[in-house]
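Asker: Structure file model.cif (mmCIF, C-alpha atoms) is given on the next line.
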data_upload
loop_
_atom_site.label_atom_id
_atom_site.label_comp_id
_atom_site.auth_asym_id
_atom_site.auth_seq_id
_atom_site.Cartn_x
_atom_site.Cartn_y
_atom_site.Cartn_z
CA MET A 1 15.89 6.45 -25.48
CA THR A 2 13.51 3.93 -23.93
CA LYS A 3 14.10 3.26 -20.25
CA ARG A 4 12.81 0.32 -18.25
CA VAL A 5 11.20 0.01 -14.83
CA PHE A 6 10.86 -3.11 -12.70
CA ILE A 7 8.33 -3.11 -9.85
CA ALA A 8 8.28 -5.82 -7.19
CA THR A 9 4.88 -5.74 -5.50
CA TYR A 10 4.23 -7.11 -2.02
CA GLY A 11 1.06 -7.43 0.03
CA CYS A 12 -2.50 -6.46 -0.77
CA GLN A 13 -4.44 -5.96 -3.99
CA MET A 14 -4.26 -2.22 -3.48
CA ASN A 15 -0.49 -2.42 -3.88
CA VAL A 16 -1.07 -4.28 -7.15
CA TYR A 17 -3.32 -1.42 -8.26
CA ASP A 18 -0.78 1.19 -7.12
CA SER A 19 2.04 -0.55 -9.00
CA ALA A 20 0.02 -0.53 -12.22
CA ARG A 21 -0.64 3.20 -11.80
CA MET A 22 3.07 3.85 -11.24
CA VAL A 23 3.85 2.22 -14.58
CA GLU A 24 1.24 4.45 -16.23
CA LEU A 25 2.72 7.54 -14.58
CA LEU A 26 6.20 6.69 -15.85
CA ALA A 27 5.16 5.98 -19.45
CA PRO A 28 5.33 9.66 -20.53
CA LEU A 29 8.95 9.68 -19.32
CA GLY A 30 9.75 6.86 -21.74
CA PHE A 31 9.67 3.95 -19.29
CA ASP A 32 8.56 0.49 -20.37
CA ARG A 33 8.08 -2.38 -17.92
CA ALA A 34 11.06 -4.70 -17.39
CA GLU A 35 10.63 -8.39 -16.60
CA ALA A 36 13.61 -8.57 -14.24
CA ALA A 37 15.40 -6.15 -11.92
CA GLU A 38 18.77 -6.62 -13.59
CA ASP A 39 17.33 -5.23 -16.85
CA ALA A 40 15.86 -2.08 -15.27
CA ASP A 41 16.97 1.53 -15.12
CA LEU A 42 14.57 2.02 -12.21
CA VAL A 43 13.70 -0.64 -9.60
CA ILE A 44 10.77 -0.01 -7.26
CA LEU A 45 9.93 -2.15 -4.24
CA ASN A 46 6.25 -1.51 -3.48
CA THR A 47 6.13 -2.76 0.08
CA CYS A 48 3.63 -4.01 2.67
CA HIS A 49 3.97 -3.47 6.43
CA ILE A 50 1.24 -5.80 7.69
CA ARG A 51 3.32 -8.81 8.64
CA GLU A 52 6.21 -9.17 11.09
CA LYS A 53 9.73 -8.45 9.89
CA ALA A 54 8.43 -6.73 6.73
CA ALA A 55 11.12 -4.08 6.96
CA GLU A 56 13.91 -6.65 7.37
CA LYS A 57 12.73 -8.43 4.22
CA VAL A 58 12.91 -5.10 2.39
CA PHE A 59 16.50 -4.52 3.55
CA SER A 60 17.43 -8.04 2.50
CA GLU A 61 16.02 -7.44 -0.97
CA LEU A 62 17.74 -4.06 -1.18
CA GLY A 63 21.08 -5.78 -0.59
CA LYS A 64 20.54 -7.90 -3.69
CA ILE A 65 19.46 -4.92 -5.77
CA ARG A 66 22.49 -2.93 -4.62
CA ALA A 67 24.69 -5.64 -6.12
CA LEU A 68 22.76 -5.39 -9.40
CA LYS A 69 23.22 -1.61 -9.37
CA ALA A 70 26.98 -2.02 -8.92
CA ARG A 71 27.11 -4.56 -11.75
CA ARG A 72 25.27 -2.19 -14.09
CA ALA A 73 27.58 0.66 -13.06
CA ARG A 74 30.60 -1.40 -14.14
CA ARG A 75 28.97 -1.66 -17.57
CA GLY A 76 28.42 2.09 -17.65
CA ALA A 77 24.66 1.83 -17.04
CA GLY A 78 22.81 3.56 -14.25
CA MET A 79 20.05 2.33 -11.95
CA LEU A 80 17.72 4.20 -9.61
CA ILE A 81 16.41 2.31 -6.59
CA ALA A 82 13.11 3.24 -4.96
CA VAL A 83 11.19 1.96 -1.95
CA ALA A 84 7.46 2.68 -2.04
CA GLY A 85 4.39 1.65 -0.09
CA CYS A 86 3.71 1.14 3.58
CA VAL A 87 7.21 0.19 4.78
CA ALA A 88 8.46 3.36 3.12
CA GLN A 89 5.72 5.36 4.84
CA ALA A 90 6.45 3.88 8.28
CA GLU A 91 10.24 3.71 8.12
CA GLY A 92 11.40 6.19 5.51
CA ALA A 93 14.16 7.75 7.61
CA GLU A 94 15.44 4.33 8.70
CA ILE A 95 15.61 3.18 5.08
CA ARG A 96 17.76 6.17 4.17
CA ARG A 97 19.98 5.58 7.22
CA ARG A 98 20.54 1.87 6.64
CA ALA A 99 20.47 1.92 2.85
CA PRO A 100 21.83 5.30 1.69
CA PHE A 101 22.17 3.94 -1.83
CA VAL A 102 18.35 4.08 -2.15
CA ASP A 103 17.49 7.03 -4.35
CA LEU A 104 13.75 7.39 -3.67
CA VAL A 105 11.55 6.66 -0.66
CA PHE A 106 7.86 7.52 -0.96
CA GLY A 107 4.63 6.50 0.70
CA PRO A 108 1.37 5.28 -0.80
CA GLN A 109 -0.15 8.78 -0.75
CA THR A 110 2.59 10.47 -2.78
CA TYR A 111 3.31 8.15 -5.70
CA HIS A 112 1.41 10.49 -8.04
CA ARG A 113 4.54 12.67 -7.75
CA LEU A 114 6.75 9.85 -9.05
CA PRO A 115 7.69 11.46 -12.41
CA GLU A 116 8.82 14.61 -10.60
CA MET A 117 10.74 12.57 -8.02
CA VAL A 118 12.49 10.50 -10.71
CA ALA A 119 13.55 13.64 -12.56
CA GLN A 120 14.77 15.13 -9.29
CA ALA A 121 16.68 11.95 -8.40
CA LEU A 122 18.47 11.99 -11.74
CA ARG A 123 19.71 15.50 -10.87
CA ALA A 124 20.31 14.88 -7.15
CA ASP A 125 23.72 13.20 -7.44
CA GLY A 126 23.05 10.74 -4.63
CA ALA A 127 21.31 13.10 -2.21
CA GLY A 128 18.26 10.86 -1.91
CA ILE A 129 14.59 11.85 -1.86
CA VAL A 130 12.09 11.00 0.87
CA ASP A 131 8.41 11.91 0.55
CA THR A 132 6.16 10.31 3.15
CA SER A 133 3.77 13.20 3.56
CA PHE A 134 -0.01 13.05 3.50
CA PRO A 135 -0.85 15.66 0.84
CA GLU A 136 -4.06 17.61 1.14
CA GLU A 137 -4.85 17.04 -2.53
CA ALA A 138 -6.19 13.62 -3.49
CA LYS A 139 -3.55 11.69 -5.42
CA PHE A 140 -6.23 10.25 -7.71
CA ASP A 141 -6.77 13.72 -9.19
CA HIS A 142 -3.21 13.61 -10.52
CA LEU A 143 -3.13 10.08 -11.95
CA PRO A 144 -3.56 9.44 -15.71
CA LYS A 145 -7.22 9.51 -16.70
CA SER A 146 -6.97 6.76 -19.30
CA ARG A 147 -6.15 3.18 -18.34
CA PRO A 148 -4.49 0.75 -20.74
CA GLY A 149 -5.72 -2.83 -20.88
CA GLN A 150 -5.38 -4.55 -17.50
CA GLY A 151 -6.73 -7.93 -18.59
CA ALA A 152 -10.10 -9.62 -18.19
CA ALA A 153 -10.14 -8.91 -14.44
CA ALA A 154 -8.99 -5.55 -13.08
CA PHE A 155 -8.61 -3.77 -9.76
CA LEU A 156 -10.12 -0.35 -9.09
CA THR A 157 -9.41 1.57 -5.89
CA VAL A 158 -12.50 3.40 -4.62
CA GLN A 159 -11.54 4.08 -1.00
CA GLU A 160 -8.32 4.39 0.99
CA GLY A 161 -7.34 4.58 4.61
CA CYS A 162 -9.15 3.53 7.75
CA ASP A 163 -10.62 5.25 10.81
CA LYS A 164 -11.22 2.06 12.82
CA PHE A 165 -7.82 1.90 14.59
CA CYS A 166 -7.79 -1.80 15.38
CA THR A 167 -5.05 -2.17 17.96
CA PHE A 168 -3.00 -4.62 15.87
CA CYS A 169 -3.10 -2.70 12.58
CA VAL A 170 -0.74 -0.16 10.99
CA VAL A 171 -3.08 0.89 8.17
CA PRO A 172 -4.34 4.14 9.77
CA TYR A 173 -0.71 5.20 10.22
CA THR A 174 0.57 4.20 6.78
CA ARG A 175 -2.49 4.87 4.59
CA GLY A 176 -4.07 7.66 6.62
CA ALA A 177 -7.69 8.56 7.29
CA GLU A 178 -10.57 7.24 5.25
CA TYR A 179 -10.98 8.87 1.85
CA SER A 180 -13.65 7.98 -0.71
CA ARG A 181 -13.24 8.90 -4.35
CA PRO A 182 -16.09 10.72 -6.13
CA ALA A 183 -18.44 8.30 -7.87
CA ALA A 184 -18.03 10.03 -11.25
CA ALA A 185 -14.26 9.46 -11.20
CA ILE A 186 -14.73 5.79 -10.33
CA LEU A 187 -17.28 5.29 -13.10
CA ASP A 188 -14.97 6.99 -15.62
CA GLU A 189 -12.08 4.71 -14.64
CA ALA A 190 -14.33 1.65 -14.80
CA ARG A 191 -15.37 2.62 -18.34
CA GLN A 192 -11.69 2.84 -19.29
CA LEU A 193 -11.05 -0.60 -17.85
CA VAL A 194 -14.01 -2.12 -19.70
CA ALA A 195 -12.87 -0.45 -22.92
CA GLY A 196 -9.48 -2.10 -22.35
CA GLY A 197 -11.02 -5.57 -22.11
CA ALA A 198 -11.97 -5.94 -18.44
CA ARG A 199 -15.08 -8.04 -17.83
CA GLU A 200 -14.69 -8.06 -14.05
CA VAL A 201 -13.72 -5.24 -11.69
CA THR A 202 -12.79 -5.65 -8.03
CA LEU A 203 -13.41 -2.51 -5.99
CA LEU A 204 -10.60 -1.96 -3.51
CA GLY A 205 -10.31 -0.21 -0.19
CA GLN A 206 -8.71 -0.78 3.19
CA ASN A 207 -12.26 -0.48 4.48
CA VAL A 208 -14.12 -0.58 1.19
CA ASN A 209 -17.68 -0.83 2.48
CA ALA A 210 -17.14 2.38 4.44
CA TYR A 211 -17.25 4.06 1.02
CA HIS A 212 -19.16 7.36 1.14
CA GLY A 213 -18.33 9.22 -2.04
CA ASP A 214 -19.97 12.14 -3.77
CA GLY A 215 -22.64 10.97 -6.21
CA PRO A 216 -24.69 13.03 -8.68
CA ASP A 217 -27.57 13.20 -6.21
CA GLY A 218 -25.72 13.38 -2.89
CA GLU A 219 -23.53 10.99 -0.92
CA TRP A 220 -23.39 7.41 -2.16
CA GLY A 221 -22.64 4.29 -0.18
CA LEU A 222 -20.99 1.22 -1.67
CA GLY A 223 -24.36 -0.30 -2.55
CA GLU A 224 -25.30 2.70 -4.69
CA LEU A 225 -21.89 2.69 -6.36
CA ILE A 226 -22.26 -1.01 -7.21
CA ARG A 227 -25.68 -0.40 -8.76
CA ALA A 228 -24.27 2.36 -10.96
CA LEU A 229 -21.31 0.22 -12.05
CA ALA A 230 -23.68 -2.63 -12.93
CA GLU A 231 -25.27 -0.42 -15.57
CA LEU A 232 -22.00 -0.13 -17.54
CA PRO A 233 -22.25 -2.18 -20.77
CA GLY A 234 -19.67 -4.96 -20.88
CA LEU A 235 -19.02 -5.10 -17.14
CA ASP A 236 -20.22 -8.59 -16.26
CA ARG A 237 -18.81 -9.02 -12.77
CA ILE A 238 -18.26 -6.85 -9.71
CA ARG A 239 -16.42 -7.74 -6.50
CA TYR A 240 -15.17 -5.72 -3.55
CA THR A 241 -12.57 -6.15 -0.80
CA THR A 242 -11.73 -5.68 2.08
CA SER A 243 -14.86 -5.03 4.11
CA HIS A 244 -15.58 -4.48 7.80
CA PRO A 245 -18.57 -6.07 9.57
CA ARG A 246 -19.67 -2.76 11.07
CA ASP A 247 -20.12 -1.20 7.63
CA VAL A 248 -22.45 -3.82 6.13
CA ASP A 249 -25.51 -1.58 5.74
CA ASP A 250 -28.97 -1.98 4.25
CA GLY A 251 -27.88 -0.55 0.90
CA LEU A 252 -25.12 -3.10 0.54
CA LEU A 253 -27.41 -5.96 1.59
CA ALA A 254 -29.91 -4.84 -1.05
CA ALA A 255 -27.16 -4.76 -3.69
CA HIS A 256 -26.28 -8.38 -2.89
CA ARG A 257 -29.95 -9.23 -3.31
CA ASP A 258 -30.68 -7.23 -6.47
CA VAL A 259 -27.51 -6.90 -8.58
CA PRO A 260 -26.68 -10.07 -10.54
CA GLN A 261 -23.27 -8.70 -11.55
CA LEU A 262 -22.22 -8.61 -7.87
CA MET A 263 -20.52 -11.95 -7.32
CA PRO A 264 -21.78 -14.22 -4.50
CA PHE A 265 -18.45 -14.18 -2.68
CA LEU A 266 -17.54 -11.84 0.18
CA HIS A 267 -14.36 -11.38 2.17
CA LEU A 268 -15.55 -10.33 5.64
CA PRO A 269 -12.76 -10.40 8.27
CA VAL A 270 -13.81 -11.42 11.79
CA GLN A 271 -10.27 -11.81 13.32
CA SER A 272 -11.47 -13.72 16.41
CA GLY A 273 -14.50 -15.53 17.77
CA ALA A 274 -13.95 -14.37 21.37
CA ASP A 275 -15.66 -11.18 22.50
CA ARG A 276 -12.91 -10.40 25.01
CA VAL A 277 -10.28 -10.56 22.26
CA LEU A 278 -12.44 -8.60 19.82
CA ALA A 279 -12.79 -5.84 22.41
CA ALA A 280 -9.03 -5.79 22.98
CA MET A 281 -8.58 -5.56 19.22
CA ASN A 282 -10.99 -2.59 19.10
CA ARG A 283 -12.97 -4.37 16.41
CA ARG A 284 -16.25 -2.76 17.57
CA HIS A 285 -18.30 -5.89 16.93
CA THR A 286 -18.98 -9.05 18.92
CA ALA A 287 -19.04 -12.61 17.71
CA ASP A 288 -22.86 -12.55 17.80
CA ASP A 289 -22.85 -9.30 15.80
CA TYR A 290 -20.85 -11.13 13.16
CA ARG A 291 -23.26 -14.07 13.20
CA ARG A 292 -26.23 -11.73 12.71
CA ILE A 293 -24.52 -9.89 9.84
CA VAL A 294 -23.72 -13.16 8.09
CA GLY A 295 -27.31 -14.27 8.59
CA ARG A 296 -28.61 -11.09 6.95
CA LEU A 297 -26.16 -11.46 4.06
CA ARG A 298 -27.18 -15.05 3.43
CA ALA A 299 -30.85 -14.08 3.58
CA SER A 300 -30.14 -11.49 0.88
CA ARG A 301 -28.07 -13.87 -1.27
CA PRO A 302 -28.59 -17.54 -0.29
CA ASP A 303 -25.70 -18.79 -2.45
CA LEU A 304 -23.21 -16.37 -0.86
CA ALA A 305 -19.83 -17.86 0.06
CA LEU A 306 -17.61 -16.24 2.66
CA SER A 307 -13.92 -15.68 3.21
CA THR A 308 -12.38 -14.18 6.32
CA ASP A 309 -9.22 -13.16 8.19
CA LEU A 310 -8.31 -14.70 11.56
CA ILE A 311 -5.55 -13.92 14.04
CA VAL A 312 -4.49 -16.44 16.68
CA GLY A 313 -2.39 -15.68 19.73
CA PHE A 314 -3.47 -12.07 20.16
CA PRO A 315 -2.18 -10.71 23.51
CA GLY A 316 -4.22 -12.18 26.34
CA GLU A 317 -5.91 -14.86 24.20
CA SER A 318 -6.70 -17.85 26.42
CA ASP A 319 -7.43 -21.44 25.47
CA GLU A 320 -11.11 -20.64 26.02
CA ASP A 321 -10.88 -17.63 23.67
CA PHE A 322 -9.25 -19.77 21.01
CA GLY A 323 -11.99 -22.36 21.47
CA ALA A 324 -14.57 -19.63 20.81
CA THR A 325 -12.83 -18.88 17.51
CA LEU A 326 -12.99 -22.54 16.52
CA ASP A 327 -16.69 -22.60 17.43
CA LEU A 328 -17.45 -19.55 15.30
CA VAL A 329 -15.52 -20.92 12.33
CA GLY A 330 -17.33 -24.25 12.62
CA GLU A 331 -20.69 -22.51 12.78
CA ILE A 332 -20.21 -20.03 9.92
CA GLY A 333 -18.32 -22.22 7.45
CA PHE A 334 -15.84 -20.46 5.18
CA ALA A 335 -15.05 -21.20 1.55
CA GLN A 336 -11.64 -19.56 1.97
CA ALA A 337 -9.75 -17.92 4.81
CA PHE A 338 -6.48 -16.21 5.68
CA SER A 339 -5.15 -17.06 9.14
CA PHE A 340 -2.05 -15.77 10.89
CA LYS A 341 -0.17 -15.80 14.13
CA TYR A 342 -0.34 -12.42 15.81
CA SER A 343 2.78 -10.40 15.08
CA PRO A 344 3.46 -7.11 16.88
CA ARG A 345 3.60 -4.12 14.58
CA PRO A 346 5.77 -1.26 15.90
CA GLY A 347 3.75 1.70 17.07
CA THR A 348 0.45 -0.15 17.48
CA PRO A 349 -1.18 -0.42 20.93
CA ALA A 350 -1.22 -4.23 20.89
CA ALA A 351 2.55 -4.41 20.46
CA ALA A 352 3.01 -3.13 24.02
CA ALA A 353 0.03 -4.97 25.54
CA ALA A 354 0.43 -7.34 28.46
CA GLY A 355 -0.13 -11.05 28.03
CA GLN A 356 1.89 -11.68 24.87
CA VAL A 357 1.28 -15.30 23.88
CA PRO A 358 4.40 -17.49 23.48
CA ASP A 359 5.21 -18.34 19.89
CA PRO A 360 4.96 -22.14 20.35
CA VAL A 361 1.40 -21.70 21.65
CA LYS A 362 0.55 -19.49 18.69
CA SER A 363 1.99 -22.05 16.28
CA GLU A 364 0.01 -24.88 17.85
CA ARG A 365 -3.24 -22.91 17.72
CA LEU A 366 -2.63 -21.85 14.14
CA ALA A 367 -2.09 -25.45 13.04
CA VAL A 368 -5.39 -26.51 14.61
CA LEU A 369 -7.28 -23.60 13.06
CA GLN A 370 -5.77 -24.05 9.62
CA ALA A 371 -6.65 -27.75 9.63
CA LEU A 372 -10.30 -26.83 10.26
CA LEU A 373 -10.26 -24.11 7.59
CA ALA A 374 -8.64 -26.47 5.06
CA ARG A 375 -11.39 -29.03 5.64
CA GLN A 376 -14.05 -26.39 5.10
CA GLN A 377 -12.43 -25.14 1.90
CA GLN A 378 -12.09 -28.66 0.54
CA GLU A 379 -15.70 -29.46 1.39
CA PHE A 380 -16.87 -26.29 -0.37
CA ASN A 381 -14.81 -27.10 -3.46
CA ARG A 382 -16.05 -30.69 -3.56
CA ALA A 383 -19.65 -29.46 -3.36
CA CYS A 384 -19.05 -27.69 -6.69
CA VAL A 385 -18.35 -30.96 -8.53
CA GLY A 386 -21.19 -31.75 -10.90
CA ARG A 387 -22.37 -28.13 -11.05
CA VAL A 388 -22.17 -25.88 -14.09
CA LEU A 389 -20.55 -22.60 -13.07
CA PRO A 390 -19.97 -19.48 -15.19
CA VAL A 391 -16.20 -19.03 -15.39
CA LEU A 392 -14.37 -15.91 -16.55
CA LEU A 393 -11.37 -17.10 -18.56
CA GLU A 394 -8.40 -14.93 -17.57
CA LYS A 395 -5.12 -16.38 -18.87
CA PRO A 396 -3.34 -19.39 -20.37
CA GLY A 397 -2.54 -22.25 -18.00
CA ARG A 398 0.72 -24.11 -17.56
CA HIS A 399 -0.18 -26.83 -20.05
CA ALA A 400 -0.76 -26.59 -23.79
CA GLY A 401 -4.37 -25.79 -24.63
CA GLN A 402 -5.22 -25.00 -21.01
CA LEU A 403 -6.85 -21.82 -19.76
CA VAL A 404 -7.36 -20.64 -16.18
CA GLY A 405 -10.38 -18.69 -15.04
CA ARG A 406 -12.34 -17.75 -11.94
CA SER A 407 -15.66 -19.05 -10.72
CA PRO A 408 -18.19 -16.71 -9.11
CA TYR A 409 -16.72 -17.89 -5.77
CA LEU A 410 -13.19 -16.77 -6.74
CA GLN A 411 -11.90 -20.32 -7.18
CA SER A 412 -9.30 -20.93 -9.87
CA VAL A 413 -10.75 -23.18 -12.57
CA HIS A 414 -8.57 -25.09 -15.05
CA LEU A 415 -10.00 -26.28 -18.35
CA THR A 416 -9.19 -26.92 -21.98
CA ALA A 417 -10.28 -24.03 -24.19
CA ASN A 418 -9.10 -21.89 -27.09
CA ARG A 419 -6.71 -19.07 -26.25
CA GLU A 420 -9.03 -16.72 -28.15
CA GLN A 421 -11.62 -17.27 -25.42
CA VAL A 422 -9.61 -15.33 -22.83
CA GLY A 423 -11.99 -12.65 -21.59
CA ASP A 424 -15.11 -14.74 -22.17
CA VAL A 425 -17.47 -15.97 -19.48
CA VAL A 426 -18.25 -19.59 -20.31
CA PRO A 427 -20.34 -22.28 -18.61
CA VAL A 428 -18.06 -24.96 -17.15
CA LEU A 429 -19.10 -28.37 -15.87
CA ILE A 430 -16.96 -28.89 -12.78
CA ALA A 431 -15.44 -32.37 -12.81
CA GLY A 432 -12.70 -32.19 -10.17
CA ALA A 433 -11.88 -30.32 -6.98
CA GLY A 434 -8.51 -29.82 -5.32
CA GLN A 435 -7.64 -27.92 -2.17
CA ASN A 436 -7.22 -24.62 -3.96
CA SER A 437 -8.73 -25.02 -7.42
CA LEU A 438 -11.33 -26.71 -9.63
CA SER A 439 -11.14 -28.37 -13.03
CA GLY A 440 -13.79 -28.94 -15.64
CA THR A 441 -14.90 -28.81 -19.26
CA VAL A 442 -16.86 -26.26 -21.23
CA ALA A 443 -20.52 -27.23 -21.00
CA SER A 444 -22.40 -27.45 -24.28
#
Would you mind writing the file's structure down as structure tokens?

Answerer:
Amino acid sequence: MTKRVFIATYGCQMNVYDSARMVELLAPLGFDRAEAAEDADLVILNTCHIREKAAEKVFSELGKIRALKARRARRGAGMLIAVAGCVAQAEGAEIRRRAPFVDLVFGPQTYHRLPEMVAQALRADGAGIVDTSFPEEAKFDHLPKSRPGQGAAAFLTVQEGCDKFCTFCVVPYTRGAEYSRPAAAILDEARQLVAGGAREVTLLGQNVNAYHGDGPDGEWGLGELIRALAELPGLDRIRYTTSHPRDVDDGLLAAHRDVPQLMPFLHLPVQSGADRVLAAMNRRHTADDYRRIVGRLRASRPDLALSTDLIVGFPGESDEDFGATLDLVGEIGFAQAFSFKYSPRPGTPAAAAAGQVPDPVKSERLAVLQALLARQQQEFNRACVGRVLPVLLEKPGRHAGQLVGRSPYLQSVHLTANREQVGDVVPVLIAGAGQNSLSGTVAS
């Protein structure tokens, strides 16, 4: 009998990738994907632990799912509940204590064991299963080799974990040490994605440009991997995220210069423009280091657009430090950005640091920063009006006859086109620019 699984995915693109692989792992057990939790025999919350109160949001959602489970039980139908991802990794025992009705708790390094865990849970009679280990074997060796169609744009994890230990970040504790997949395995998966209709692949990693995988002729960096991927027939676009300034090396700069399939858009988190704050964050770069790296990138690819991450109100941040961040943002100019108030993550050094900034001060600073970033994004979008940009058409829009695609700069582009053109890269004359998207017409 066909069973159904519903996965709610929170957080980063890597969680999106992981959720897709979980569905593939469950297919041999007879699971199809459900559109809603109430229709599912198995509900998985694939969680993120980056932001404040992430665990409390998980417990709130679990309360709703528990009610669905009880409702299904009254109809004589069962439901397994699972918590996966980084909250599960960090707080597995607490989840079992506070929500004993959860059947499965597993971290991001053990989801390749999901079919075994599901079978065990069906036999466990409520005992509950927790697996938050860091296995010695690479989970990727145990995932399905073939990939079904993921759409015109697909994610592909090439690297996991981080060795940087920024003082605000939980990633080294929830995802573990840096691991780079062998180049041959990545190329095989990319071929599967292209065969399934992907025209664009985004390479994923917590610290993706620290990639150092085994290649056919020795260790490869990310630049060499990108060059090899660019030779795959049918793969028109390559992106990567998230990168660290310290790992922008000569090979990667050369790839931006030489590989036309590598899109001219880079997410390069800086976090702060103040050297004192950067040192306290253990970022291992200064503001001037960041400026020099951006200068080298733009020399390699003059049309490169940048996105970044910024944290305001880090412990000890002064008005002068915040002013340095505004200065850096004004100087660099970002096409997009993600900005947040600092939120203490349990177990990280910054959470116990002196000089915690009051929340009203953080809110005020964030509002000022976001106003500047919004102006920069709008100016960048407006500068695209009148240009013809190649747009990868990805999906139908909200209106009849409308399709939505992505520009080389990762902007959403809305236009009128035939549904059969999904998956095509078409030239689009940009006619309008909003805060977060563009609109246009197919150029003849």

Asker: Hey, can you check how far CA of Ala73 (chain A) sits from CA of Val105 (chain A)?

Answerer: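 CA of Val105 (chain A) lies at a distance of 21.1 Å from CA of Ala73 (chain A).
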
Asker: Check the smallest atom-to-atom distance from each of A:Gln150, A:Ser318, A:Ser243, A:Thr2 to Leu203 (chain A) using only C-alpha atoms, then report the winner.

Answerer: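 Checking each of A:Gln150, A:Ser318, A:Ser243, A:Thr2 against Leu203 (chain A), counting only C-alpha atoms, the winner is A:Ser243.
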
Asker: Running the PyMOL selection byres ((chain A and resi 45) around 8) on this model by hand, what would come out? Give it as a ChimeraX atom specification.

Answerer: /A:7-10,43-44,46-47,58,82-85

Asker: Enumerate, in order of chain and increasing residue number, the residues of region 247-320 of chain A with an atom no farther than 10 Å from region 187-200 of chain A, each with its shortest atom pair and distance in Å to one decimal, counting all atoms listed in the file, as JSON lines.

Answerer:
{"residue": "A:Gln261", "atom": "CA", "partner": "A:Glu200", "partner_atom": "CA", "distance": 9.0}
{"residue": "A:Leu262", "atom": "CA", "partner": "A:Glu200", "partner_atom": "CA", "distance": 9.8}
{"residue": "A:Met263", "atom": "CA", "partner": "A:Glu200", "partner_atom": "CA", "distance": 9.7}

Asker: What does the structure give for the distance between CA of Val294 (chain A) and CA of Ala230 (chain A), in Å to one decimal?

Answerer: 23.5 Å
